[in-house]
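As stored in work.pdb (PDB, C-alpha atoms):
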MODEL        1
ATOM      1  CA  MET A   1      17.058 -72.042  -8.721
ATOM      2  CA  GLU A   2      19.249 -74.128 -11.003
ATOM      3  CA  ILE A   3      20.882 -72.385 -13.954
ATOM      4  CA  ARG A   4      22.897 -74.222 -16.592
ATOM      5  CA  ALA A   5      24.802 -72.456 -19.348
ATOM      6  CA  ALA A   6      26.938 -73.560 -22.276
ATOM      7  CA  TYR A   7      28.175 -72.179 -25.574
ATOM      8  CA  ILE A   8      29.533 -73.292 -28.900
ATOM      9  CA  SER A   9      31.331 -71.132 -31.442
ATOM     10  CA  GLU A  10      32.813 -71.901 -34.835
ATOM     11  CA  LYS A  11      34.622 -69.589 -37.205
ATOM     12  CA  GLY A  12      32.928 -70.994 -40.290
ATOM     13  CA  GLY A  13      34.715 -70.149 -43.525
ATOM     14  CA  ARG A  14      36.603 -67.167 -42.097
ATOM     15  CA  GLU A  15      40.227 -66.966 -41.030
ATOM     16  CA  VAL A  16      39.320 -65.497 -37.636
ATOM     17  CA  ASN A  17      36.374 -66.221 -35.360
ATOM     18  CA  GLU A  18      34.802 -62.820 -34.694
ATOM     19  CA  ASP A  19      32.294 -64.169 -32.133
ATOM     20  CA  PHE A  20      33.058 -63.759 -28.458
ATOM     21  CA  VAL A  21      31.038 -65.191 -25.554
ATOM     22  CA  GLN A  22      31.415 -64.819 -21.817
ATOM     23  CA  ILE A  23      29.318 -66.542 -19.154
ATOM     24  CA  SER A  24      29.752 -65.315 -15.589
ATOM     25  CA  LYS A  25      28.267 -66.971 -12.545
ATOM     26  CA  LEU A  26      27.285 -64.488  -9.862
ATOM     27  CA  THR A  27      26.278 -65.079  -6.261
ATOM     28  CA  ASP A  28      22.645 -64.305  -7.189
ATOM     29  CA  GLY A  29      22.528 -65.612 -10.782
ATOM     30  CA  VAL A  30      24.363 -65.486 -14.086
ATOM     31  CA  THR A  31      25.218 -63.057 -16.879
ATOM     32  CA  VAL A  32      25.790 -63.999 -20.491
ATOM     33  CA  ALA A  33      27.292 -61.698 -23.109
ATOM     34  CA  LEU A  34      27.659 -62.486 -26.803
ATOM     35  CA  ALA A  35      29.101 -60.297 -29.556
ATOM     36  CA  ASP A  36      29.715 -60.855 -33.247
ATOM     37  CA  GLY A  37      32.322 -58.632 -34.849
ATOM     38  CA  LEU A  38      31.346 -57.251 -38.214
ATOM     39  CA  GLY A  39      33.229 -59.206 -40.844
ATOM     40  CA  GLY A  40      34.893 -57.235 -43.566
ATOM     41  CA  HIS A  41      35.796 -54.412 -41.221
ATOM     42  CA  GLY A  42      39.088 -56.014 -40.258
ATOM     43  CA  LEU A  43      39.109 -56.012 -36.463
ATOM     44  CA  GLY A  44      35.691 -57.423 -35.567
ATOM     45  CA  ASP A  45      37.303 -59.961 -33.246
ATOM     46  CA  GLU A  46      38.891 -57.157 -31.199
ATOM     47  CA  ALA A  47      35.617 -55.227 -31.117
ATOM     48  CA  SER A  48      33.585 -58.241 -29.966
ATOM     49  CA  ARG A  49      36.090 -59.240 -27.268
ATOM     50  CA  THR A  50      36.319 -55.688 -25.944
ATOM     51  CA  ALA A  51      32.546 -55.160 -25.924
ATOM     52  CA  VAL A  52      31.833 -58.431 -24.108
ATOM     53  CA  GLN A  53      34.542 -58.061 -21.475
ATOM     54  CA  VAL A  54      33.644 -54.456 -20.672
ATOM     55  CA  ALA A  55      29.892 -55.107 -20.652
ATOM     56  CA  ASP A  56      30.292 -58.134 -18.386
ATOM     57  CA  ALA A  57      32.419 -56.161 -15.931
ATOM     58  CA  GLU A  58      29.890 -53.317 -15.877
ATOM     59  CA  ILE A  59      26.953 -55.649 -15.220
ATOM     60  CA  LYS A  60      28.880 -57.111 -12.288
ATOM     61  CA  ALA A  61      29.652 -53.625 -10.982
ATOM     62  CA  SER A  62      26.334 -51.822 -11.471
ATOM     63  CA  GLY A  63      23.771 -54.432 -12.453
ATOM     64  CA  SER A  64      22.626 -52.193 -15.305
ATOM     65  CA  LEU A  65      22.371 -53.487 -18.859
ATOM     66  CA  GLU A  66      21.993 -49.924 -20.137
ATOM     67  CA  ARG A  67      25.269 -48.898 -18.507
ATOM     68  CA  ALA A  68      26.901 -52.076 -19.837
ATOM     69  CA  PHE A  69      25.984 -51.140 -23.425
ATOM     70  CA  GLU A  70      27.200 -47.569 -22.906
ATOM     71  CA  LYS A  71      30.505 -48.697 -21.382
ATOM     72  CA  ALA A  72      31.049 -51.250 -24.177
ATOM     73  CA  GLN A  73      30.458 -48.514 -26.744
ATOM     74  CA  GLU A  74      32.922 -46.168 -25.012
ATOM     75  CA  ALA A  75      35.567 -48.917 -24.774
ATOM     76  CA  VAL A  76      35.335 -49.888 -28.452
ATOM     77  CA  LEU A  77      35.453 -46.248 -29.584
ATOM     78  CA  ASP A  78      38.423 -45.630 -27.284
ATOM     79  CA  LYS A  79      40.244 -48.673 -28.683
ATOM     80  CA  GLN A  80      39.540 -47.483 -32.246
ATOM     81  CA  ASN A  81      41.096 -44.109 -31.432
ATOM     82  CA  ARG A  82      44.129 -45.592 -29.704
ATOM     83  CA  CYS A  83      44.775 -48.058 -32.546
ATOM     84  CA  ARG A  84      43.897 -45.515 -35.259
ATOM     85  CA  THR A  85      41.363 -47.935 -36.755
ATOM     86  CA  LYS A  86      38.272 -45.749 -36.629
ATOM     87  CA  THR A  87      36.249 -47.670 -39.217
ATOM     88  CA  LYS A  88      37.492 -51.198 -38.522
ATOM     89  CA  MET A  89      36.146 -52.153 -35.077
ATOM     90  CA  LYS A  90      32.427 -52.827 -34.994
ATOM     91  CA  THR A  91      30.314 -55.495 -33.310
ATOM     92  CA  THR A  92      26.839 -56.607 -32.357
ATOM     93  CA  LEU A  93      26.122 -57.220 -28.662
ATOM     94  CA  CYS A  94      23.579 -59.314 -26.734
ATOM     95  CA  LEU A  95      23.357 -59.273 -22.939
ATOM     96  CA  LEU A  96      21.353 -61.475 -20.570
ATOM     97  CA  ARG A  97      21.181 -61.232 -16.807
ATOM     98  CA  ILE A  98      19.342 -63.760 -14.675
ATOM     99  CA  ARG A  99      19.084 -63.213 -10.959
ATOM    100  CA  ASP A 100      16.606 -63.961  -8.210
ATOM    101  CA  GLY A 101      14.367 -65.834 -10.642
ATOM    102  CA  ARG A 102      14.108 -62.894 -13.023
ATOM    103  CA  ALA A 103      15.596 -62.314 -16.456
ATOM    104  CA  GLU A 104      16.522 -59.138 -18.310
ATOM    105  CA  ALA A 105      17.976 -58.980 -21.821
ATOM    106  CA  GLY A 106      19.188 -56.429 -24.341
ATOM    107  CA  HIS A 107      20.634 -56.438 -27.825
ATOM    108  CA  GLY A 108      22.084 -54.295 -30.576
ATOM    109  CA  GLY A 109      22.642 -55.499 -34.145
ATOM    110  CA  ASP A 110      21.617 -58.736 -35.804
ATOM    111  CA  SER A 111      22.621 -61.146 -33.042
ATOM    112  CA  ARG A 112      19.446 -62.523 -31.473
ATOM    113  CA  ILE A 113      18.028 -63.630 -28.147
ATOM    114  CA  TYR A 114      15.338 -66.324 -28.063
ATOM    115  CA  TYR A 115      13.191 -66.938 -24.969
ATOM    116  CA  PHE A 116      11.601 -70.375 -24.416
ATOM    117  CA  LYS A 117       9.148 -71.766 -21.862
ATOM    118  CA  ASN A 118       8.777 -75.550 -21.633
ATOM    119  CA  GLY A 119      10.396 -75.984 -25.046
ATOM    120  CA  LYS A 120       8.189 -73.464 -26.891
ATOM    121  CA  ILE A 121       9.432 -70.123 -28.129
ATOM    122  CA  LEU A 122       7.735 -67.175 -26.434
ATOM    123  CA  LYS A 123       9.695 -64.320 -27.989
ATOM    124  CA  ARG A 124      12.775 -63.368 -29.930
ATOM    125  CA  THR A 125      14.492 -60.081 -30.482
ATOM    126  CA  LEU A 126      14.135 -58.404 -33.850
ATOM    127  CA  ASP A 127      17.306 -57.729 -35.818
ATOM    128  CA  HIS A 128      18.621 -54.241 -36.297
ATOM    129  CA  SER A 129      19.184 -54.855 -39.994
ATOM    130  CA  LEU A 130      18.025 -53.648 -43.378
ATOM    131  CA  PRO A 131      16.041 -56.846 -44.132
ATOM    132  CA  GLN A 132      14.237 -56.604 -40.756
ATOM    133  CA  MET A 133      13.283 -53.022 -41.631
ATOM    134  CA  LEU A 134      11.848 -54.335 -44.923
ATOM    135  CA  VAL A 135       9.847 -56.971 -43.002
ATOM    136  CA  ASN A 136       8.549 -54.290 -40.630
ATOM    137  CA  ALA A 137       7.479 -52.203 -43.642
ATOM    138  CA  GLY A 138       5.700 -55.202 -45.190
ATOM    139  CA  GLU A 139       7.994 -55.291 -48.244
ATOM    140  CA  ILE A 140       9.377 -58.799 -47.657
ATOM    141  CA  LYS A 141       8.368 -61.795 -45.536
ATOM    142  CA  GLU A 142      10.165 -62.856 -42.352
ATOM    143  CA  ASN A 143      11.430 -66.069 -43.958
ATOM    144  CA  GLU A 144      13.173 -64.026 -46.690
ATOM    145  CA  ILE A 145      15.626 -62.385 -44.258
ATOM    146  CA  ARG A 146      18.089 -65.294 -44.236
ATOM    147  CA  PHE A 147      18.685 -65.199 -47.987
ATOM    148  CA  HIS A 148      18.184 -61.486 -48.649
ATOM    149  CA  GLU A 149      21.034 -59.817 -50.579
ATOM    150  CA  ASP A 150      21.415 -57.211 -47.791
ATOM    151  CA  ARG A 151      21.172 -59.671 -44.886
ATOM    152  CA  ASN A 152      24.550 -58.489 -43.541
ATOM    153  CA  ARG A 153      23.659 -54.785 -43.532
ATOM    154  CA  VAL A 154      23.294 -54.022 -39.848
ATOM    155  CA  THR A 155      21.702 -50.733 -38.796
ATOM    156  CA  ARG A 156      22.807 -50.630 -35.133
ATOM    157  CA  VAL A 157      26.222 -51.615 -33.829
ATOM    158  CA  ILE A 158      28.776 -50.992 -31.129
ATOM    159  CA  GLY A 159      31.675 -49.019 -32.608
ATOM    160  CA  THR A 160      29.992 -46.230 -34.568
ATOM    161  CA  GLU A 161      29.255 -42.784 -33.194
ATOM    162  CA  TRP A 162      25.764 -42.638 -31.667
ATOM    163  CA  GLU A 163      23.373 -39.734 -31.517
ATOM    164  CA  GLU A 164      21.001 -41.967 -29.563
ATOM    165  CA  PRO A 165      21.424 -45.428 -28.002
ATOM    166  CA  GLN A 166      21.857 -48.201 -30.559
ATOM    167  CA  TYR A 167      20.512 -51.009 -28.387
ATOM    168  CA  GLU A 168      17.186 -52.199 -27.002
ATOM    169  CA  ILE A 169      16.411 -53.558 -23.565
ATOM    170  CA  GLU A 170      13.754 -56.260 -23.843
ATOM    171  CA  LYS A 171      11.292 -55.595 -21.052
ATOM    172  CA  GLU A 172       9.159 -58.598 -22.049
ATOM    173  CA  PHE A 173      11.946 -60.873 -20.856
ATOM    174  CA  ILE A 174      11.567 -59.532 -17.331
ATOM    175  CA  ALA A 175       9.196 -61.793 -15.431
ATOM    176  CA  LYS A 176       6.407 -60.124 -13.491
ATOM    177  CA  GLU A 177       5.736 -63.088 -11.241
ATOM    178  CA  LYS A 178       8.119 -64.191  -8.556
ATOM    179  CA  GLY A 179       9.883 -67.460  -9.138
ATOM    180  CA  LEU A 180      10.202 -67.370 -12.920
ATOM    181  CA  PHE A 181      12.291 -70.530 -12.825
ATOM    182  CA  GLY A 182       9.856 -72.707 -10.842
ATOM    183  CA  ILE A 183       9.877 -76.492 -10.623
ATOM    184  CA  LYS A 184       6.965 -77.012 -13.024
ATOM    185  CA  ASN A 185       8.170 -74.649 -15.733
ATOM    186  CA  ARG A 186      11.445 -74.788 -17.619
ATOM    187  CA  TYR A 187      12.770 -71.574 -19.145
ATOM    188  CA  ALA A 188      15.625 -71.234 -21.602
ATOM    189  CA  PHE A 189      17.403 -68.455 -23.439
ATOM    190  CA  LEU A 190      19.388 -68.794 -26.628
ATOM    191  CA  LEU A 191      21.786 -66.025 -27.629
ATOM    192  CA  CYS A 192      23.091 -66.439 -31.145
ATOM    193  CA  SER A 193      25.075 -64.600 -33.746
ATOM    194  CA  ASP A 194      24.125 -64.696 -37.428
TER
ENDMDL
END

Any chance you could give the structure as structure tokens?
Amino acid sequence: MEIRAAYISEKGGREVNEDFVQISKLTDGVTVALADGLGGHGLGDEASRTAVQVADAEIKASGSLERAFEKAQEAVLDKQNRCRTKTKMKTTLCLLRIRDGRAEAGHGGDSRIYYFKNGKILKRTLDHSLPQMLVNAGEIKENEIRFHEDRNRVTRVIGTEWEEPQYEIEKEFIAKEKGLFGIKNRYAFLLCSD
């Protein structure tokens, strides 16, 4: 199985790039982690870096995306407490693990994961945002999200106290058949921040 990975990141009009990406090659596959710190909170770059590094280490240690999200959450909250910046470190988080021809993905926030087969999109994650909630309720159309006045209002993030998990594991990304990445089919994943 051949796996190729690459990333590009630009800070846009901000002073600091709050995106953080880490790609790790494993003996049996690859993991990709992407986080986008919440702008306007002050330390989104620290939150995204911490979340990605901790999540990546946990996936390597346990293989569990759920545990990776939990550990990332604990690490960001711990850093907030140590730095006395309780409301300033928040981030989205996307995780992808490919191994033995199978893929598993999870996300929290408005960073997305797209899944392609032979150049055609099969699925994408749904944002944890106010505009996505309005789409789900039938109040606005999907194509209105990008320009909605509340497009930056995220409903689930790493770095706020949770009563329940603020992430989703995408079971549809897990292939049922063996050999997901066969010779005839080409599969691709795109993780992207807003």

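The result of the PyMOL selection byres ((chain A and resi 97) around 6) on the shown file is Val30, Thr31, Leu96, Ile98, Ala103 and Glu104 of chain A.
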
For the residues in the current selection, export C-alpha atoms as a PDB file, in the coordinates of the input.
ATOM      1  CA  VAL A  30      24.363 -65.486 -14.086  1.00  0.00           C
ATOM      2  CA  THR A  31      25.218 -63.057 -16.879  1.00  0.00           C
ATOM      3  CA  LEU A  96      21.353 -61.475 -20.570  1.00  0.00           C
ATOM      4  CA  ILE A  98      19.342 -63.760 -14.675  1.00  0.00           C
ATOM      5  CA  ALA A 103      15.596 -62.314 -16.456  1.00  0.00           C
ATOM      6  CA  GLU A 104      16.522 -59.138 -18.310  1.00  0.00           C
TER       7      GLU A 104
END

- Contacts of A:Ala75 at 8 Å or less, counting all atoms listed in the file, minus same-chain residues fewer than 4 places along, as a PyMOL selection string? chain A and resi 50-51+54+71+79

Who sits within 8 Å of stretch 153-161 of chain A, all atoms listed in the file, same chain under 3 positions skipped, as a PDB file with C-alpha atoms, keeping the file's coordinate frame:
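Below is the file part.pdb, written as the result:
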ATOM      1  CA  ALA A  47      35.617 -55.227 -31.117  1.00  0.00           C
ATOM      2  CA  ALA A  51      32.546 -55.160 -25.924  1.00  0.00           C
ATOM      3  CA  ALA A  72      31.049 -51.250 -24.177  1.00  0.00           C
ATOM      4  CA  GLN A  73      30.458 -48.514 -26.744  1.00  0.00           C
ATOM      5  CA  VAL A  76      35.335 -49.888 -28.452  1.00  0.00           C
ATOM      6  CA  LEU A  77      35.453 -46.248 -29.584  1.00  0.00           C
ATOM      7  CA  THR A  87      36.249 -47.670 -39.217  1.00  0.00           C
ATOM      8  CA  MET A  89      36.146 -52.153 -35.077  1.00  0.00           C
ATOM      9  CA  LYS A  90      32.427 -52.827 -34.994  1.00  0.00           C
ATOM     10  CA  THR A  91      30.314 -55.495 -33.310  1.00  0.00           C
ATOM     11  CA  THR A  92      26.839 -56.607 -32.357  1.00  0.00           C
ATOM     12  CA  LEU A  93      26.122 -57.220 -28.662  1.00  0.00           C
ATOM     13  CA  GLY A 108      22.084 -54.295 -30.576  1.00  0.00           C
ATOM     14  CA  GLY A 109      22.642 -55.499 -34.145  1.00  0.00           C
ATOM     15  CA  ASP A 110      21.617 -58.736 -35.804  1.00  0.00           C
ATOM     16  CA  HIS A 128      18.621 -54.241 -36.297  1.00  0.00           C
ATOM     17  CA  SER A 129      19.184 -54.855 -39.994  1.00  0.00           C
ATOM     18  CA  LEU A 130      18.025 -53.648 -43.378  1.00  0.00           C
ATOM     19  CA  PRO A 131      16.041 -56.846 -44.132  1.00  0.00           C
ATOM     20  CA  ASP A 150      21.415 -57.211 -47.791  1.00  0.00           C
ATOM     21  CA  GLN A 166      21.857 -48.201 -30.559  1.00  0.00           C
ATOM     22  CA  TYR A 167      20.512 -51.009 -28.387  1.00  0.00           C
TER      23      TYR A 167
END

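Residue nearest A:Leu95, chosen from A:Ala137, A:Leu26, A:Ala188, A:Ala68 and counting all atoms listed in the file: A:Ala68.
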
- Query: Between A:Gly101, A:Glu58, A:Gly63, A:Tyr7, which has the minimum distance to A:Gly29 (counting all atoms listed in the file)?
  - Reply: A:Gly101

Let me know the centre plus edge lengths, in Å and rounded to one decimal, of a box with edges along x, y and z that contains all listed atoms of stretch 10-18 of chain A and is padded by 6 Å on every side, as AutoDock Vina command-line options.
--center_x 36.5 --center_y -67.4 --center_z -39.1 --size_x 19.4 --size_y 21.1 --size_z 20.8

- Message: When you look at A:Gly106 with a cut-off of 6 Å (counting all atoms listed in the file), what residues show up, excluding the ones that are within fewer than 3 positions of it in the same chain? I need them as a ChimeraX atom specification.
- Response: /A:94-95,168-170

- Message: (37.0, -58.5, -35.4) in this file's frame - what residues fall within 8 Å of it? Use all atoms listed in the file and give the answer as a PyMOL selection string.
- Response: chain A and resi 16-18+36-39+41-48+88-91

- Name the residues captured by the PyMOL selection byres ((chain A and resi 191) around 6) when it is applied to the shown file; answer as JSON, numbers by chain. {"A": [112, 113, 190, 192]}

- Give as a PyMOL selection string each residue that has an atom at most 6 Å from (17.9, -58.6, -32.0) in the file, counting all atoms listed in the file. chain A and resi 107+110-112+125-127

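When the distance limit is 7 Å and all atoms listed in the file are what count, the residues near A:Phe116, minus those fewer than 6 positions from it on the same chain, are Leu122, Tyr187, Ala188 and Phe189 of chain A.
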
Since the input lacks atoms, please generate N, CA, C and O atoms for stretch 79-103 of chain A and provide them as a short mmCIF file (atom, residue, chain, number, x, y, z; two decimals), in the frame of the given file.
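Output contents, as saved in selection20.cif:
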data_model
loop_
_atom_site.label_atom_id
_atom_site.label_comp_id
_atom_site.auth_asym_id
_atom_site.auth_seq_id
_atom_site.Cartn_x
_atom_site.Cartn_y
_atom_site.Cartn_z
N LYS A 79 39.26 -47.78 -28.07
CA LYS A 79 40.24 -48.67 -28.68
C LYS A 79 40.47 -48.30 -30.14
O LYS A 79 41.60 -48.33 -30.64
N GLN A 80 39.40 -47.94 -30.85
CA GLN A 80 39.54 -47.48 -32.25
C GLN A 80 40.48 -46.29 -32.32
O GLN A 80 41.36 -46.23 -33.17
N ASN A 81 40.28 -45.33 -31.43
CA ASN A 81 41.10 -44.11 -31.43
C ASN A 81 42.55 -44.42 -31.10
O ASN A 81 43.46 -43.89 -31.75
N ARG A 82 42.76 -45.26 -30.09
CA ARG A 82 44.13 -45.59 -29.70
C ARG A 82 44.87 -46.36 -30.80
O ARG A 82 46.06 -46.17 -31.01
N CYS A 83 44.16 -47.23 -31.50
CA CYS A 83 44.78 -48.06 -32.55
C CYS A 83 44.70 -47.41 -33.93
O CYS A 83 45.17 -47.99 -34.91
N ARG A 84 44.08 -46.23 -33.99
CA ARG A 84 43.90 -45.52 -35.26
C ARG A 84 43.21 -46.40 -36.31
O ARG A 84 43.64 -46.50 -37.45
N THR A 85 42.13 -47.05 -35.87
CA THR A 85 41.36 -47.94 -36.76
C THR A 85 39.89 -47.56 -36.68
O THR A 85 39.02 -48.40 -36.45
N LYS A 86 39.61 -46.30 -36.86
CA LYS A 86 38.27 -45.75 -36.63
C LYS A 86 37.15 -46.51 -37.32
O LYS A 86 36.08 -46.65 -36.76
N THR A 87 37.35 -47.02 -38.51
CA THR A 87 36.25 -47.67 -39.22
C THR A 87 36.33 -49.20 -39.18
O THR A 87 35.53 -49.85 -39.82
N LYS A 88 37.27 -49.76 -38.44
CA LYS A 88 37.49 -51.20 -38.52
C LYS A 88 37.00 -52.01 -37.34
O LYS A 88 37.03 -53.23 -37.41
N MET A 89 36.59 -51.40 -36.25
CA MET A 89 36.15 -52.15 -35.08
C MET A 89 34.67 -51.92 -34.83
O MET A 89 34.28 -50.88 -34.31
N LYS A 90 33.86 -52.91 -35.20
CA LYS A 90 32.43 -52.83 -34.99
C LYS A 90 31.92 -54.20 -34.57
O LYS A 90 32.48 -55.22 -34.97
N THR A 91 30.84 -54.22 -33.78
CA THR A 91 30.31 -55.50 -33.31
C THR A 91 28.86 -55.38 -32.90
O THR A 91 28.39 -54.30 -32.55
N THR A 92 28.16 -56.50 -32.96
CA THR A 92 26.84 -56.61 -32.36
C THR A 92 27.05 -56.92 -30.88
O THR A 92 28.18 -57.23 -30.47
N LEU A 93 25.99 -56.88 -30.08
CA LEU A 93 26.12 -57.22 -28.66
C LEU A 93 24.77 -57.65 -28.11
O LEU A 93 23.77 -56.97 -28.31
N CYS A 94 24.76 -58.82 -27.46
CA CYS A 94 23.58 -59.31 -26.73
C CYS A 94 23.97 -59.51 -25.28
O CYS A 94 25.05 -60.06 -25.00
N LEU A 95 23.11 -59.10 -24.37
CA LEU A 95 23.36 -59.27 -22.94
C LEU A 95 22.15 -59.91 -22.27
O LEU A 95 21.01 -59.56 -22.58
N LEU A 96 22.40 -60.82 -21.35
CA LEU A 96 21.35 -61.48 -20.57
C LEU A 96 21.80 -61.52 -19.13
O LEU A 96 22.94 -61.89 -18.84
N ARG A 97 20.89 -61.14 -18.25
CA ARG A 97 21.18 -61.23 -16.81
C ARG A 97 20.03 -61.96 -16.15
O ARG A 97 18.87 -61.56 -16.31
N ILE A 98 20.35 -63.01 -15.43
CA ILE A 98 19.34 -63.76 -14.68
C ILE A 98 19.74 -63.69 -13.21
O ILE A 98 20.87 -64.03 -12.85
N ARG A 99 18.81 -63.24 -12.40
CA ARG A 99 19.08 -63.21 -10.96
C ARG A 99 17.76 -63.25 -10.21
O ARG A 99 16.75 -62.71 -10.67
N ASP A 100 17.79 -63.88 -9.07
CA ASP A 100 16.61 -63.96 -8.21
C ASP A 100 15.36 -64.39 -8.97
O ASP A 100 14.27 -63.86 -8.76
N GLY A 101 15.52 -65.33 -9.90
CA GLY A 101 14.37 -65.83 -10.64
C GLY A 101 13.81 -64.88 -11.67
O GLY A 101 12.71 -65.07 -12.17
N ARG A 102 14.57 -63.87 -12.03
CA ARG A 102 14.11 -62.89 -13.02
C ARG A 102 15.15 -62.75 -14.12
O ARG A 102 16.34 -62.88 -13.86
N ALA A 103 14.68 -62.45 -15.32
CA ALA A 103 15.60 -62.31 -16.46
C ALA A 103 15.41 -60.96 -17.14
O ALA A 103 14.30 -60.46 -17.22
#
